[in-house]
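Listing of run.cif; format and content: mmCIF, C-alpha atoms and all ligand atoms.
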```
data_input
#
loop_
_atom_site.label_atom_id
_atom_site.label_comp_id
_atom_site.auth_asym_id
_atom_site.auth_seq_id
_atom_site.Cartn_x
_atom_site.Cartn_y
_atom_site.Cartn_z
CA MET W 158 -91.99 130.05 -176.54
CA ILE W 159 -88.54 128.64 -175.87
CA GLU W 160 -88.28 124.88 -175.42
CA TYR W 161 -85.28 123.10 -173.90
CA GLN W 162 -84.67 119.65 -175.33
CA GLU W 163 -82.11 116.91 -175.10
CA VAL W 164 -81.09 116.41 -178.73
CA PRO W 165 -78.78 114.36 -180.97
CA VAL W 166 -75.57 116.24 -181.73
CA ASP W 167 -76.51 116.79 -185.38
CA ARG W 168 -79.23 119.24 -184.29
CA ILE W 169 -76.72 121.64 -182.74
CA LEU W 170 -73.68 121.42 -185.03
CA CYS W 171 -74.78 124.29 -187.23
CA LEU W 172 -75.21 126.70 -184.29
CA ARG W 173 -71.97 125.52 -182.69
CA HIS W 174 -70.14 126.20 -185.93
CA LYS W 175 -71.65 129.66 -186.39
CA LEU W 176 -70.98 130.86 -182.83
CA LEU W 177 -67.82 129.00 -181.87
CA ARG W 178 -65.99 127.92 -185.04
CA ASP W 179 -66.87 130.70 -187.49
CA GLY W 180 -64.52 130.74 -190.50
CA LEU W 181 -63.22 127.23 -189.80
CA PRO W 182 -64.22 124.04 -191.64
CA ALA W 183 -67.60 122.58 -190.68
CA GLU W 184 -65.93 119.49 -189.18
CA SER W 185 -64.23 121.73 -186.60
CA ALA W 186 -67.61 122.01 -184.83
CA ARG W 187 -67.49 118.30 -183.98
CA PHE W 188 -65.94 117.33 -180.64
CA GLU W 189 -64.18 114.03 -180.06
CA ALA W 190 -66.57 112.90 -177.33
CA ASP W 191 -69.77 113.98 -179.12
CA ASP W 192 -70.89 110.43 -179.78
CA ASP W 193 -69.79 108.88 -176.48
CA PRO W 194 -72.69 107.09 -174.79
CA GLN W 195 -72.54 109.32 -171.67
CA THR W 196 -72.37 112.60 -173.60
CA VAL W 197 -75.53 114.73 -173.48
CA HIS W 198 -76.50 117.60 -175.78
CA TRP W 199 -79.22 120.16 -175.10
CA ALA W 200 -80.79 122.71 -177.42
CA ALA W 201 -82.91 125.79 -176.84
CA VAL W 202 -85.51 125.76 -179.60
CA VAL W 203 -87.88 128.48 -180.84
CA ASN W 204 -90.44 127.46 -183.47
CA GLY W 205 -88.31 124.48 -184.42
CA ARG W 206 -85.15 126.62 -184.77
CA VAL W 207 -82.14 125.86 -182.57
CA ILE W 208 -81.03 129.14 -180.99
CA GLY W 209 -78.92 127.84 -178.10
CA CYS W 210 -76.89 124.75 -177.28
CA VAL W 211 -74.59 123.11 -174.77
CA SER W 212 -72.97 119.71 -174.36
CA LEU W 213 -71.72 117.74 -171.39
CA VAL W 214 -69.01 115.10 -171.69
CA LEU W 215 -67.36 112.81 -169.17
CA GLN W 216 -63.82 114.15 -168.84
CA ALA W 217 -61.62 113.80 -165.79
CA LEU W 218 -60.02 116.91 -164.34
CA GLU W 219 -56.48 116.43 -163.02
CA GLY W 220 -57.19 112.79 -162.26
CA GLN W 221 -60.57 113.42 -160.60
CA PRO W 222 -63.66 111.97 -162.26
CA ALA W 223 -65.62 114.91 -163.65
CA TRP W 224 -67.89 116.29 -166.35
CA GLN W 225 -66.75 118.89 -168.87
CA LEU W 226 -69.18 121.46 -170.22
CA ARG W 227 -68.53 122.16 -173.91
CA GLY W 228 -69.96 124.16 -176.77
CA MET W 229 -72.13 126.62 -174.84
CA ALA W 230 -73.63 129.12 -177.29
CA VAL W 231 -76.69 131.31 -177.70
CA LEU W 232 -77.46 133.08 -180.97
CA GLN W 233 -76.54 136.74 -180.62
CA GLU W 234 -80.05 138.17 -181.00
CA PHE W 235 -81.26 135.87 -178.17
CA GLN W 236 -78.42 136.59 -175.73
CA ARG W 237 -78.99 138.23 -172.31
CA ARG W 238 -82.49 136.77 -171.98
CA GLY W 239 -81.63 133.98 -169.59
CA ILE W 240 -81.32 131.23 -172.22
CA GLY W 241 -77.65 130.47 -171.47
CA SER W 242 -78.57 130.25 -167.78
CA GLN W 243 -81.34 127.74 -168.52
CA LEU W 244 -78.95 125.58 -170.54
CA LEU W 245 -76.31 125.80 -167.82
CA ARG W 246 -78.88 124.76 -165.21
CA ARG W 247 -79.62 121.59 -167.20
CA THR W 248 -75.95 120.61 -167.28
CA GLU W 249 -75.59 121.24 -163.54
CA GLU W 250 -78.70 119.19 -162.71
CA HIS W 251 -77.35 116.33 -164.80
CA VAL W 252 -74.03 116.45 -162.94
CA ILE W 253 -75.82 116.31 -159.58
CA ARG W 254 -77.85 113.25 -160.63
CA HIS W 255 -75.38 111.21 -162.63
CA ALA W 256 -72.11 109.54 -161.67
CA PRO W 257 -69.54 110.79 -161.19
CA PRO W 258 -71.57 113.42 -159.34
CA GLY W 259 -70.45 116.82 -158.24
CA LEU W 260 -67.64 118.17 -160.36
CA ILE W 261 -68.14 120.20 -163.55
CA TRP W 262 -65.55 122.25 -165.39
CA CYS W 263 -64.96 124.03 -168.66
CA ASN W 264 -62.47 126.05 -170.65
CA ALA W 265 -64.29 129.38 -170.71
CA ARG W 266 -63.72 132.03 -173.34
CA GLU W 267 -62.52 135.21 -171.69
CA GLN W 268 -65.67 137.10 -172.71
CA ALA W 269 -67.90 134.43 -171.13
CA VAL W 270 -66.10 134.27 -167.75
CA GLY W 271 -68.59 136.74 -166.19
CA PHE W 272 -71.48 134.51 -167.24
CA TYR W 273 -70.05 131.49 -165.44
CA GLN W 274 -69.00 133.54 -162.39
CA ARG W 275 -72.55 134.81 -162.13
CA HIS W 276 -73.55 131.16 -161.65
CA GLY W 277 -71.00 130.40 -158.97
CA TRP W 278 -68.18 129.03 -161.11
CA LYS W 279 -64.58 129.77 -160.10
CA ILE W 280 -61.50 130.42 -162.21
CA ILE W 281 -58.86 127.74 -161.54
CA SER W 282 -56.14 128.58 -164.07
CA ASP W 283 -54.11 131.39 -165.50
CA ARG W 284 -55.27 132.86 -168.79
CA PHE W 285 -54.31 130.63 -171.71
CA ASP W 286 -54.75 130.75 -175.47
CA ILE W 287 -56.48 128.25 -177.69
CA PRO W 288 -55.15 129.07 -181.16
CA THR W 289 -58.49 128.88 -183.00
CA ALA W 290 -60.59 130.49 -180.23
CA GLY W 291 -58.51 133.05 -178.31
CA ALA W 292 -58.04 133.65 -174.58
CA HIS W 293 -59.56 131.23 -172.09
CA TYR W 294 -59.67 130.45 -168.36
CA ARG W 295 -60.35 127.03 -166.91
CA MET W 296 -63.36 127.24 -164.59
CA LEU W 297 -64.93 124.85 -162.12
CA LYS W 298 -68.01 124.36 -160.01
CA ARG W 299 -68.58 121.78 -157.28
CA LEU W 300 -72.20 120.74 -156.98
CA VAL W 301 -74.00 118.94 -154.17
CA PRO W 302 -77.50 117.52 -154.18
CA ALA W 303 -79.88 119.90 -152.36
CA HIS W 304 -80.50 117.42 -149.52
CA GLU W 305 -76.75 117.29 -148.79
CA SER W 306 -76.37 121.03 -148.42
CA TYR W 307 -77.85 121.00 -144.91
CA PRO W 308 -76.31 119.46 -141.79
CA PRO W 309 -77.50 115.86 -141.18
CA GLY W 310 -80.47 115.75 -138.84
CA ASN W 311 -81.42 119.30 -139.64
CA PRO W 312 -83.62 119.03 -142.72
CA VAL W 313 -85.19 122.21 -144.01
C1 LIG X 1 -71.95 133.23 -172.92
C2 LIG X 1 -73.36 133.02 -173.43
C3 LIG X 1 -73.62 131.54 -173.68
C4 LIG X 1 -74.35 133.52 -172.37
O1 LIG X 1 -75.68 133.22 -172.79
P1 LIG X 1 -76.89 134.23 -172.49
O2 LIG X 1 -78.16 133.56 -172.90
O3 LIG X 1 -76.59 135.53 -173.10
O4 LIG X 1 -76.77 134.34 -170.91
P2 LIG X 1 -77.90 134.80 -169.86
O5 LIG X 1 -78.84 135.73 -170.51
O6 LIG X 1 -78.47 133.58 -169.25
O7 LIG X 1 -76.98 135.59 -168.83
C5 LIG X 1 -77.18 135.55 -167.46
C6 LIG X 1 -76.23 136.51 -166.78
O8 LIG X 1 -74.89 136.12 -167.05
C7 LIG X 1 -74.11 137.31 -167.23
N1 LIG X 1 -73.59 137.31 -168.58
C8 LIG X 1 -74.15 136.81 -169.71
N2 LIG X 1 -73.32 136.93 -170.74
C9 LIG X 1 -72.22 137.55 -170.25
C10 LIG X 1 -71.00 137.94 -170.83
N3 LIG X 1 -70.74 137.72 -172.12
N4 LIG X 1 -70.09 138.56 -170.02
C11 LIG X 1 -70.35 138.76 -168.71
N5 LIG X 1 -71.49 138.39 -168.11
C12 LIG X 1 -72.41 137.78 -168.87
C13 LIG X 1 -74.98 138.48 -166.98
O9 LIG X 1 -74.88 138.81 -165.63
C14 LIG X 1 -76.34 137.93 -167.28
O10 LIG X 1 -77.34 138.56 -166.57
P3 LIG X 1 -77.87 140.02 -167.02
O11 LIG X 1 -78.16 139.96 -168.48
O12 LIG X 1 -79.07 140.18 -166.16
O13 LIG X 1 -76.76 140.96 -166.68
C15 LIG X 1 -73.62 133.83 -174.73
O14 LIG X 1 -73.28 135.17 -174.50
C16 LIG X 1 -72.85 133.35 -175.95
O15 LIG X 1 -73.27 132.42 -176.64
N6 LIG X 1 -71.72 133.99 -176.26
C17 LIG X 1 -70.96 133.67 -177.48
C18 LIG X 1 -70.35 132.30 -177.47
C19 LIG X 1 -69.54 132.05 -176.20
O16 LIG X 1 -68.70 132.82 -175.83
N7 LIG X 1 -69.83 130.91 -175.56
C20 LIG X 1 -69.16 130.52 -174.33
C21 LIG X 1 -68.04 129.61 -174.66
S1 LIG X 1 -67.11 129.20 -173.18
#
```
For the structure just supplied, provide its representation as structure tokens.
Amino acid sequence: MIEYQEVPVDRILCLRHKLLRDGLPAESARFEADDDPQTVHWAAVVNGRVIGCVSLVLQALEGQPAWQLRGMAVLQEFQRRGIGSQLLRRTEEHVIRHAPPGLIWCNAREQAVGFYQRHGWKIISDRFDIPTAGAHYRMLKRLVPAHESYPPGNPV
């Protein structure tokens, strides 16, 4: 059974390093905002083993208060089973419920763009390179609480 847990960053550093910083020093898997009080880390865990992770940090986007999704990764042999989607859902729910609500963005690796698009994210930049990680696109999703998605006075 797969469990989804909010975890301290130390639980996910090893997976982050393997999937996203392979060949680089271990410290490269640490992000500046990892220990900020508002930062949240989630893990997908099978029999005590972390097989997926994602982090959410408060990071403005072009002057607008926003959350940045970082470090999304699922171990290769567990990919395409919906685990990334479950982790993504947790970040989006957090952004709906916590100030500043509504805006989430990320720098998506080119090969992961389809994953985010599948969940309603939009590309908002040209392709750009991050030297240690290759081609990326900046992507964004605006989220609204479910009760705000219907016209006032017309609850469903
Ligand atoms: C991107 C990643 C997190 C997706 O996790 P996952 O658990 O495989 O994703 P899911 O199984 O929830 O995928 C849901 C849907 O997203 C789409 N999708 C998933 N991975 C995709 C990819 N690499 N390219 C295009 N579409 C993708 C598919 O439509 C998939 O549904 P399907 O399998 O029914 O076709 C995972 O592939 C991964 O860790 N990749 C390596 C590290 C990485 O690139 N991380 C992203 C950094 S920005």
In the coordinates of the file, take the point (-69.7, 130.3, -160.7) and a cut-off of 12 Å; then, counting only C-alpha atoms, name each qualifying protein, DNA or RNA residue as a list of chain:residue names.
W:Ser242, W:Leu245, W:Arg246, W:Glu249, W:Ile261, W:Trp262, W:Cys263, W:Ala265, W:Ala269, W:Val270, W:Gly271, W:Phe272, W:Tyr273, W:Gln274, W:Arg275, W:His276, W:Gly277, W:Trp278, W:Lys279, W:Ile280, W:Ile281, W:Arg295, W:Met296, W:Leu297, W:Lys298, W:Arg299, W:Leu300
Taking all atoms listed in the file into account, list the residues no farther than 10 Å from ligand LIG 1 (chain X), as a short mmCIF file (atom, residue, chain, number, x, y, z; two decimals) with C-alpha atoms, in the frame of the given file.
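Okay, this is what ended up in pocket-v7.cif:
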```cif
data_model
loop_
_atom_site.label_atom_id
_atom_site.label_comp_id
_atom_site.auth_asym_id
_atom_site.auth_seq_id
_atom_site.Cartn_x
_atom_site.Cartn_y
_atom_site.Cartn_z
CA LEU W 172 -75.21 126.70 -184.29
CA ARG W 173 -71.97 125.52 -182.69
CA LYS W 175 -71.65 129.66 -186.39
CA LEU W 176 -70.98 130.86 -182.83
CA LEU W 177 -67.82 129.00 -181.87
CA ARG W 178 -65.99 127.92 -185.04
CA ALA W 201 -82.91 125.79 -176.84
CA ILE W 208 -81.03 129.14 -180.99
CA GLY W 209 -78.92 127.84 -178.10
CA CYS W 210 -76.89 124.75 -177.28
CA VAL W 211 -74.59 123.11 -174.77
CA LEU W 226 -69.18 121.46 -170.22
CA ARG W 227 -68.53 122.16 -173.91
CA GLY W 228 -69.96 124.16 -176.77
CA MET W 229 -72.13 126.62 -174.84
CA ALA W 230 -73.63 129.12 -177.29
CA VAL W 231 -76.69 131.31 -177.70
CA LEU W 232 -77.46 133.08 -180.97
CA GLN W 233 -76.54 136.74 -180.62
CA GLU W 234 -80.05 138.17 -181.00
CA PHE W 235 -81.26 135.87 -178.17
CA GLN W 236 -78.42 136.59 -175.73
CA ARG W 237 -78.99 138.23 -172.31
CA ARG W 238 -82.49 136.77 -171.98
CA GLY W 239 -81.63 133.98 -169.59
CA ILE W 240 -81.32 131.23 -172.22
CA GLY W 241 -77.65 130.47 -171.47
CA SER W 242 -78.57 130.25 -167.78
CA GLN W 243 -81.34 127.74 -168.52
CA LEU W 244 -78.95 125.58 -170.54
CA LEU W 245 -76.31 125.80 -167.82
CA ARG W 246 -78.88 124.76 -165.21
CA CYS W 263 -64.96 124.03 -168.66
CA ASN W 264 -62.47 126.05 -170.65
CA ALA W 265 -64.29 129.38 -170.71
CA ARG W 266 -63.72 132.03 -173.34
CA GLU W 267 -62.52 135.21 -171.69
CA GLN W 268 -65.67 137.10 -172.71
CA ALA W 269 -67.90 134.43 -171.13
CA VAL W 270 -66.10 134.27 -167.75
CA GLY W 271 -68.59 136.74 -166.19
CA PHE W 272 -71.48 134.51 -167.24
CA TYR W 273 -70.05 131.49 -165.44
CA GLN W 274 -69.00 133.54 -162.39
CA ARG W 275 -72.55 134.81 -162.13
CA HIS W 276 -73.55 131.16 -161.65
CA ALA W 290 -60.59 130.49 -180.23
CA HIS W 293 -59.56 131.23 -172.09
CA TYR W 294 -59.67 130.45 -168.36
CA ARG W 295 -60.35 127.03 -166.91
CA MET W 296 -63.36 127.24 -164.59
#
```
Exercise: Glu163 in chain W partners within 7 Å, all atoms listed in the file, chain neighbours under 5 positions left out, as a PyMOL selection string
chain W and resi 198-200
Using Å and a single decimal, report how far CA of Met158 in chain W sits from CA of Val202 in chain W.
8.4 Å
Excluding Asp191 in chain W and any residue of its chain fewer than 3 positions from it, enumerate the residues within 8 Å of it, using only C-alpha atoms, and give them as a list in words.
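Counting only the stated atoms, we get Val166, Arg187, Phe188, Thr196 and Val214 of chain W.
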Closest of W:Gly205, W:Tyr161, W:Arg247, W:Thr289 to Ala186 in chain W - atom-to-atom distances counting only C-alpha atoms
W:Thr289
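With CA of Ser185 in chain W on one side and CA of Leu170 in chain W on the other, the separation reads 9.6 Å.
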With distances taken over only C-alpha atoms, which of W:Ala223, W:Cys171, W:Ala292, W:Val301 is nearest to Arg254 in chain W?
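Nearest candidate to Arg254 in chain W out of W:Ala223, W:Cys171, W:Ala292, W:Val301: W:Val301.
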Residues near Gln221 in chain W, anyone? I mean within 12 Å using all atoms listed in the file, not counting same-chain ones fewer than 2 positions away, as a PyMOL selection string.
chain W and resi 215-219+223-225+257-262
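The coordinates place CA of Gln195 in chain W at 22.2 Å from CA of His174 in chain W.
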Between W:Ile287, W:Val203, W:Ala190, W:Ile253, which one has atoms that come closest to Ile159 in chain W, using all atoms listed in the file?
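Distance minimum relative to Ile159 in chain W lands on W:Val203.
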